[in-house]
file final25.txt (compact mmCIF, C-alpha atoms and all ligand atoms)
# COMPACT_ATOMS: atom_id res chain seq x y z
CA MET A 1 0.00 0.00 0.00
CA LEU A 2 2.86 2.35 0.86
CA GLN A 3 4.38 1.66 -2.58
CA THR A 4 1.08 2.56 -4.25
CA LEU A 5 0.87 5.79 -2.26
CA LEU A 6 4.47 6.62 -3.12
CA HIS A 7 3.70 6.05 -6.78
CA LEU A 8 0.65 8.31 -6.46
CA GLN A 9 2.72 10.98 -4.76
CA GLU A 10 5.28 10.86 -7.57
CA ILE A 11 2.51 11.47 -10.10
CA ASP A 12 0.97 14.22 -7.95
CA ILE A 13 4.31 16.03 -7.66
CA ARG A 14 4.62 15.96 -11.46
CA LEU A 15 1.03 17.16 -11.80
CA THR A 16 1.70 20.06 -9.42
CA ASP A 17 4.77 20.97 -11.41
CA VAL A 18 3.03 20.82 -14.78
CA ARG A 19 0.05 22.80 -13.42
CA ALA A 20 2.42 25.50 -12.17
CA ARG A 21 4.07 25.65 -15.61
CA LEU A 22 0.68 25.84 -17.35
CA SER A 23 -0.45 28.68 -15.12
CA LYS A 24 2.52 30.82 -16.21
CA PHE A 25 1.84 30.74 -19.95
CA PRO A 26 -0.83 33.50 -20.05
CA GLN A 27 1.55 35.85 -18.21
CA LYS A 28 4.43 34.95 -20.53
CA LEU A 29 2.27 35.70 -23.57
CA ALA A 30 1.10 38.97 -22.01
CA GLN A 31 4.73 40.02 -21.49
CA VAL A 32 5.49 39.43 -25.17
CA ASP A 33 2.38 41.43 -26.17
CA ALA A 34 3.42 44.24 -23.83
CA ARG A 35 6.84 44.50 -25.49
CA VAL A 36 5.19 44.82 -28.92
CA ALA A 37 2.71 47.40 -27.57
CA ALA A 38 5.55 49.47 -26.09
CA ALA A 39 7.43 49.50 -29.42
CA LYS A 40 4.20 50.52 -31.21
CA SER A 41 3.51 53.38 -28.84
CA GLU A 42 7.12 54.56 -29.26
CA LEU A 43 6.52 54.72 -33.04
CA ASP A 44 3.14 56.44 -32.55
CA GLY A 45 4.87 59.02 -30.33
CA SER A 46 7.52 59.73 -32.99
CA LYS A 47 4.82 60.09 -35.64
CA ALA A 48 2.76 62.48 -33.47
CA VAL A 49 5.78 64.74 -32.95
CA GLN A 50 6.46 64.68 -36.69
CA LEU A 51 2.86 65.62 -37.45
CA ALA A 52 3.04 68.57 -35.04
CA THR A 53 6.20 69.76 -36.83
CA VAL A 54 4.51 69.58 -40.21
CA LYS A 55 1.61 71.68 -38.86
CA ASP A 56 4.03 74.27 -37.45
CA ARG A 57 5.86 74.39 -40.75
CA LYS A 58 2.64 75.08 -42.65
CA LYS A 59 1.80 77.89 -40.24
CA TYR A 60 5.23 79.53 -40.70
CA GLU A 61 4.94 79.19 -44.48
CA LEU A 62 1.58 80.96 -44.27
CA ASP A 63 3.14 83.68 -42.11
CA VAL A 64 5.85 84.28 -44.71
CA ASP A 65 3.25 84.50 -47.48
CA GLN A 66 1.11 86.95 -45.52
CA TRP A 67 4.04 89.26 -44.69
CA LYS A 68 5.16 89.18 -48.32
CA ASP A 69 1.65 90.22 -49.38
CA LYS A 70 1.83 93.13 -46.99
CA VAL A 71 5.22 94.21 -48.36
CA ARG A 72 3.78 94.14 -51.87
CA LYS A 73 0.82 96.30 -50.80
CA TYR A 74 3.05 98.83 -49.00
CA ARG A 75 5.26 99.12 -52.06
CA ASP A 76 2.23 99.65 -54.38
CA HIS A 77 0.90 102.17 -51.97
CA SER A 78 4.20 104.06 -51.68
CA ALA A 79 4.12 104.82 -55.42
CA GLN A 80 0.98 106.81 -54.80
CA VAL A 81 1.90 108.80 -51.64
CA LYS A 82 2.46 112.51 -51.98
CA THR A 83 4.53 113.42 -48.94
CA ASN A 84 7.95 112.34 -47.78
CA GLU A 85 6.57 111.74 -44.37
CA ALA A 86 3.98 109.25 -45.61
CA TYR A 87 6.64 107.62 -47.77
CA ARG A 88 8.99 107.18 -44.82
CA ALA A 89 6.17 105.75 -42.75
CA LEU A 90 5.47 103.15 -45.42
CA GLN A 91 9.17 102.36 -45.76
CA HIS A 92 9.16 101.73 -42.05
CA GLU A 93 6.20 99.33 -42.39
CA VAL A 94 8.02 97.53 -45.19
CA GLN A 95 11.11 97.16 -43.02
CA MET A 96 9.06 95.73 -40.15
CA ALA A 97 7.31 93.27 -42.45
CA GLU A 98 10.64 92.14 -43.87
CA ASP A 99 11.94 91.57 -40.36
CA GLU A 100 8.89 89.38 -39.71
CA ILE A 101 9.54 87.47 -42.92
CA ALA A 102 13.14 86.85 -41.86
CA LYS A 103 11.99 85.61 -38.44
CA ALA A 104 9.35 83.28 -39.93
CA GLU A 105 11.90 81.93 -42.41
CA ASP A 106 14.33 81.24 -39.58
CA ARG A 107 11.63 79.29 -37.72
CA LEU A 108 10.78 77.46 -40.91
CA LEU A 109 14.39 76.42 -41.37
CA GLU A 110 14.59 75.24 -37.76
CA GLN A 111 11.46 73.16 -38.25
CA MET A 112 12.82 71.62 -41.41
CA VAL A 113 16.04 70.60 -39.65
CA ALA A 114 13.99 69.21 -36.74
CA GLY A 115 11.71 67.46 -39.23
CA GLU A 116 14.69 65.56 -40.65
CA GLU A 117 15.61 64.51 -37.13
CA TYR A 118 12.05 63.29 -36.52
CA ASP A 119 12.10 61.41 -39.84
CA LYS A 120 15.19 59.59 -38.62
CA ARG A 121 13.53 58.87 -35.29
CA ILE A 122 10.49 57.39 -37.04
CA LYS A 123 12.73 55.16 -39.15
CA VAL A 124 14.53 53.94 -36.02
CA SER A 125 11.19 53.31 -34.25
CA GLU A 126 9.89 51.41 -37.29
CA LYS A 127 13.01 49.27 -37.39
CA THR A 128 12.76 48.58 -33.65
CA LEU A 129 9.08 47.68 -33.93
CA LYS A 130 9.81 45.25 -36.75
CA GLU A 131 12.58 43.61 -34.70
CA VAL A 132 10.35 43.37 -31.63
CA GLU A 133 7.53 41.90 -33.70
CA ASP A 134 9.84 39.33 -35.30
CA ALA A 135 11.21 38.33 -31.89
CA ALA A 136 7.66 38.19 -30.50
CA ARG A 137 6.55 35.84 -33.27
CA ILE A 138 9.39 33.44 -32.44
CA GLU A 139 8.76 33.76 -28.70
CA ARG A 140 5.01 33.18 -29.05
CA ALA A 141 5.63 30.07 -31.16
CA LYS A 142 8.08 28.79 -28.52
CA ILE A 143 5.61 29.48 -25.69
CA GLU A 144 2.77 27.83 -27.62
CA SER A 145 4.83 24.71 -28.27
CA GLU A 146 5.92 24.55 -24.60
CA LYS A 147 2.29 24.96 -23.62
CA ALA A 148 1.19 22.17 -25.96
CA ALA A 149 3.90 19.90 -24.50
CA ALA A 150 2.81 20.75 -20.94
CA GLU A 151 -0.84 20.06 -21.83
CA LYS A 152 0.20 16.69 -23.24
CA GLU A 153 2.10 15.92 -20.01
CA MET A 154 -0.90 17.03 -18.02
CA ALA A 155 -3.13 14.60 -19.92
CA GLU A 156 -0.61 11.78 -19.47
CA PHE A 157 -0.17 12.35 -15.73
CA THR A 158 -3.92 12.67 -15.25
CA ALA A 159 -4.41 9.31 -16.94
CA GLN A 160 -1.60 7.80 -14.83
CA ARG A 161 -3.22 9.15 -11.71
CA GLU A 162 -6.55 7.57 -12.58
CA GLY A 163 -4.73 4.24 -12.92
CA ALA A 164 -2.87 4.72 -9.65
CA VAL A 165 -5.88 5.67 -7.51
CA ALA A 166 -7.88 2.70 -8.84
CA ASP A 167 -5.79 0.43 -6.56
CA ILE A 168 -6.19 2.58 -3.43
CA PRO A 169 -9.11 2.09 -1.02
CA GLU A 170 -11.35 5.13 -0.87
CA ASN A 171 -10.81 5.97 2.80
CA LEU A 172 -7.02 5.76 2.40
CA LEU A 173 -7.20 8.00 -0.69
CA ASP A 174 -9.29 10.52 1.28
CA HIS A 175 -6.72 10.40 4.05
CA TYR A 176 -3.87 10.93 1.57
CA GLU A 177 -5.65 13.81 -0.16
CA ARG A 178 -6.40 15.55 3.11
CA ILE A 179 -2.69 15.57 3.94
CA VAL A 180 -1.84 16.65 0.37
CA ARG A 181 -4.13 19.70 0.69
CA LYS A 182 -2.61 20.57 4.03
CA HIS A 183 0.98 20.27 2.83
CA ASN A 184 1.07 21.65 -0.71
CA GLY A 185 0.93 18.33 -2.50
CA VAL A 186 3.34 16.26 -0.41
CA ALA A 187 1.69 13.71 1.86
CA LEU A 188 4.52 11.24 2.31
CA ALA A 189 7.86 11.91 3.93
CA GLU A 190 10.90 9.70 3.99
CA VAL A 191 12.56 9.05 7.31
CA ARG A 192 16.21 9.96 7.01
CA GLU A 193 18.64 9.80 9.91
CA GLU A 194 15.61 9.00 12.07
CA LYS A 195 14.01 12.31 11.22
CA CYS A 196 10.97 13.24 9.17
CA SER A 197 12.63 14.61 6.01
CA ALA A 198 9.71 16.99 5.45
CA CYS A 199 9.56 18.82 8.78
CA GLY A 200 12.84 17.71 10.35
CA MET A 201 11.31 16.38 13.56
CA ILE A 202 12.92 13.34 15.16
CA VAL A 203 10.99 10.10 14.83
CA ARG A 204 10.97 8.50 18.24
CA PRO A 205 13.25 5.43 18.34
CA HIS A 206 10.48 2.94 19.27
CA VAL A 207 8.29 4.27 16.42
CA PHE A 208 11.23 3.95 14.07
CA GLN A 209 11.85 0.36 15.19
CA GLU A 210 8.18 -0.47 14.73
CA MET A 211 8.22 1.06 11.27
CA ARG A 212 11.06 -1.17 10.19
CA ARG A 213 9.32 -4.26 11.51
CA ALA A 214 5.78 -3.39 10.43
CA ALA A 215 3.84 -4.97 7.60
CA ALA A 216 3.64 -3.03 4.35
CA ASP A 217 0.03 -1.98 4.85
CA GLU A 218 0.60 -0.38 8.25
CA LEU A 219 0.94 3.39 8.13
CA PHE A 220 2.97 5.58 10.48
CA HIS A 221 2.60 9.34 10.71
CA CYS A 222 4.94 12.10 11.69
CA GLU A 223 3.75 13.31 15.08
CA THR A 224 4.50 16.90 14.15
CA CYS A 225 3.45 17.41 10.53
CA THR A 226 1.13 14.35 10.28
CA ARG A 227 2.64 13.25 6.97
CA ILE A 228 2.72 9.53 6.24
CA LEU A 229 6.24 8.29 6.95
CA TYR A 230 8.17 5.77 4.92
CA TYR A 231 11.61 4.34 5.33
CA ILE A 232 13.86 2.83 2.72
CA GLU A 233 16.31 0.30 4.13
CA PRO A 234 19.79 1.02 2.81
CA SER A 235 20.32 -1.50 0.01
CA ALA A 236 23.53 -3.37 -0.82
CA SER A 237 24.30 -0.87 -3.57
CA VAL A 238 24.51 2.07 -1.16
CA ALA A 239 26.38 0.12 1.57
CA PRO A 240 29.95 1.28 2.17
CA SER A 241 32.34 -0.20 -0.37
CA ALA A 242 35.25 -2.45 0.65
CA ALA A 243 37.63 0.46 0.21
CA SER A 244 35.81 2.86 2.53
CA ALA A 245 35.09 0.06 5.02
CA SER A 246 38.79 -0.75 5.32
CA ALA A 247 39.49 2.97 5.78
CA SER A 248 37.50 2.88 9.04
CA PRO A 249 38.04 -0.57 10.60
CA ALA A 250 37.36 0.70 14.12
CA ARG A 251 33.63 0.96 13.33
CA ASP A 252 33.31 -2.85 13.05
CA HIS A 253 34.20 -3.40 16.74
ZN ZN A 301 7.07 15.68 9.79

call {"tool": "encode", "arguments": {"input": "final25.txt", "output": "C-alpha cells", "more": "lines below"}}
Ligand SMILES: [Zn+2]
result
Amino acid sequence: MLQTLLHLQEIDIRLTDVRARLSKFPQKLAQVDARVAAAKSELDGSKAVQLATVKDRKKYELDVDQWKDKVRKYRDHSAQVKTNEAYRALQHEVQMAEDEIAKAEDRLLEQMVAGEEYDKRIKVSEKTLKEVEDAARIERAKIESEKAAAEKEMAEFTAQREGAVADIPENLLDHYERIVRKHNGVALAEVREEKCSACGMIVRPHVFQEMRRAAADELFHCETCTRILYYIEPSASVAPSAASASASPARDH
C-alpha cells in the first residue's frame, strides 16, 4: 500500500509541477504582447511629434506669405503717396514686415532641420518595432509549443493518476488527499537519519523500530506534521564499499 501511495505521490508532484508551468503561460504571452505594444507606442509618439512639426511648418509658411503680401501692398501704396513723411512711414512698415519674414523663415528652417531629425527617429522606431515583432513571433511560437507539451504531459499524468488511484481504497485515498491539501501536494515523507525529512522532527526510536518491523500496509505518521512516513532500508548498492570500510576498521568493533 505504501508503494502505491508513493507512486501516487510521484505522479501528484509531477502534476503540481506541470500545473504550475501551465499557469505561467498567459503571463508569458502577455509580457510578449506588452513588449510589442511598447514599441508601437514609441513609433506612434515619434509620428505624433512629426505631425506637429509639419503643422508648425505650414503655419510659418503661411506667415511668410502673408508678410510678403503686406510688403507688396506697401510698395504699391508708396508709389501713390504725396509726402515724404507718408513715404517714410510706409518704408518703415516695409522694413518691419521684412523683419517678420526673416523671423518666420528662420523658424521654418529650424522646423525643417527638426523634421529631418524626426524622420530619422520614425525610421529607427519602425526598425525597432519590426525587430520586436519578429522576436515576438518566435517567442510566441516557442511558448505555444511549450504549452502544448505541458498540456500533453498534463493529460498523461492525469491518466496515470486515474490508474494509480484505482488500486487505493477510498478511505485511504481521502486520508492521503487531506494531507496533500494541508501540505502543498506532499503527503509522504521519507525518514532519514531517524528524522521526518519533510519537517525535520525526530521520529521516536520505538516508532522507528516499529516502522522497520511493520507490515507493508501499516501506516505511520509524523507526530509533528502528520505526513505519512516511509523508510527505505539502505540497500547493498549504497552500503559502504570495501575500500571505505577498510578505511575505518574501528567501526566494526
Ligand atoms: Zn514531519

call {"tool": "axis_aligned_box", "arguments": {"input": "final25.txt", "around": "segment 103-109 of chain A", "padding_each_side": "3 Å", "output": "AutoDock Vina command-line options"}}
result
--center_x 11.9 --center_y 81.0 --center_z -40.1 --size_x 11.0 --size_y 15.2 --size_z 10.7

call {"tool": "atom_distance", "arguments": {"input": "final25.txt", "atom1": "atom CA of Arg212 of chain A", "atom2": "atom CA of His175 of chain A"}}
result
22.1 Å

call {"tool": "closest_residue", "arguments": {"input": "final25.txt", "among": "A:Asp106, A:Glu151, A:Glu133, A:Asp99", "to": "Arg19 of chain A", "atoms": "all atoms listed in the file"}}
result
A:Glu151

call {"tool": "atom_distance", "arguments": {"input": "final25.txt", "atom1": "atom CA of Asp119 of chain A", "atom2": "atom CA of Ala37 of chain A"}}
result
20.9 Å

call {"tool": "residues_near_point", "arguments": {"input": "final25.txt", "point": "(4.4, 13.0, 15.3)", "cutoff": "12 Å", "atoms": "all atoms listed in the file", "output": "number ranges by chain"}}
result
A: 189, 195-196, 198-204, 207-208, 220-229

call {"tool": "residues_around", "arguments": {"input": "final25.txt", "residues": "Lys28 of chain A", "least_positions_apart": "3", "cutoff": "12 Å", "atoms": "only C-alpha atoms", "output": "PyMOL selection string"}}
result
chain A and resi 21-25+31-35+136+139-144+146-147

call {"tool": "residues_around", "arguments": {"input": "final25.txt", "residues": "segment 158-171 of chain A", "least_positions_apart": "6", "cutoff": "8 Å", "atoms": "all atoms listed in the file", "output": "tab-separated table (two decimals) with C-alpha atoms, keeping the file's coordinate frame"}}
result
chain	number	residue	atom	x	y	z
A	1	MET	CA	0.00	0.00	0.00
A	4	THR	CA	1.08	2.56	-4.25
A	5	LEU	CA	0.87	5.79	-2.26
A	7	HIS	CA	3.70	6.05	-6.78
A	8	LEU	CA	0.65	8.31	-6.46
A	11	ILE	CA	2.51	11.47	-10.10
A	12	ASP	CA	0.97	14.22	-7.95
A	15	LEU	CA	1.03	17.16	-11.80

call {"tool": "atom_distance", "arguments": {"input": "final25.txt", "atom1": "atom CA of Ala79 of chain A", "atom2": "atom CA of Asp63 of chain A"}}
result
25.0 Å
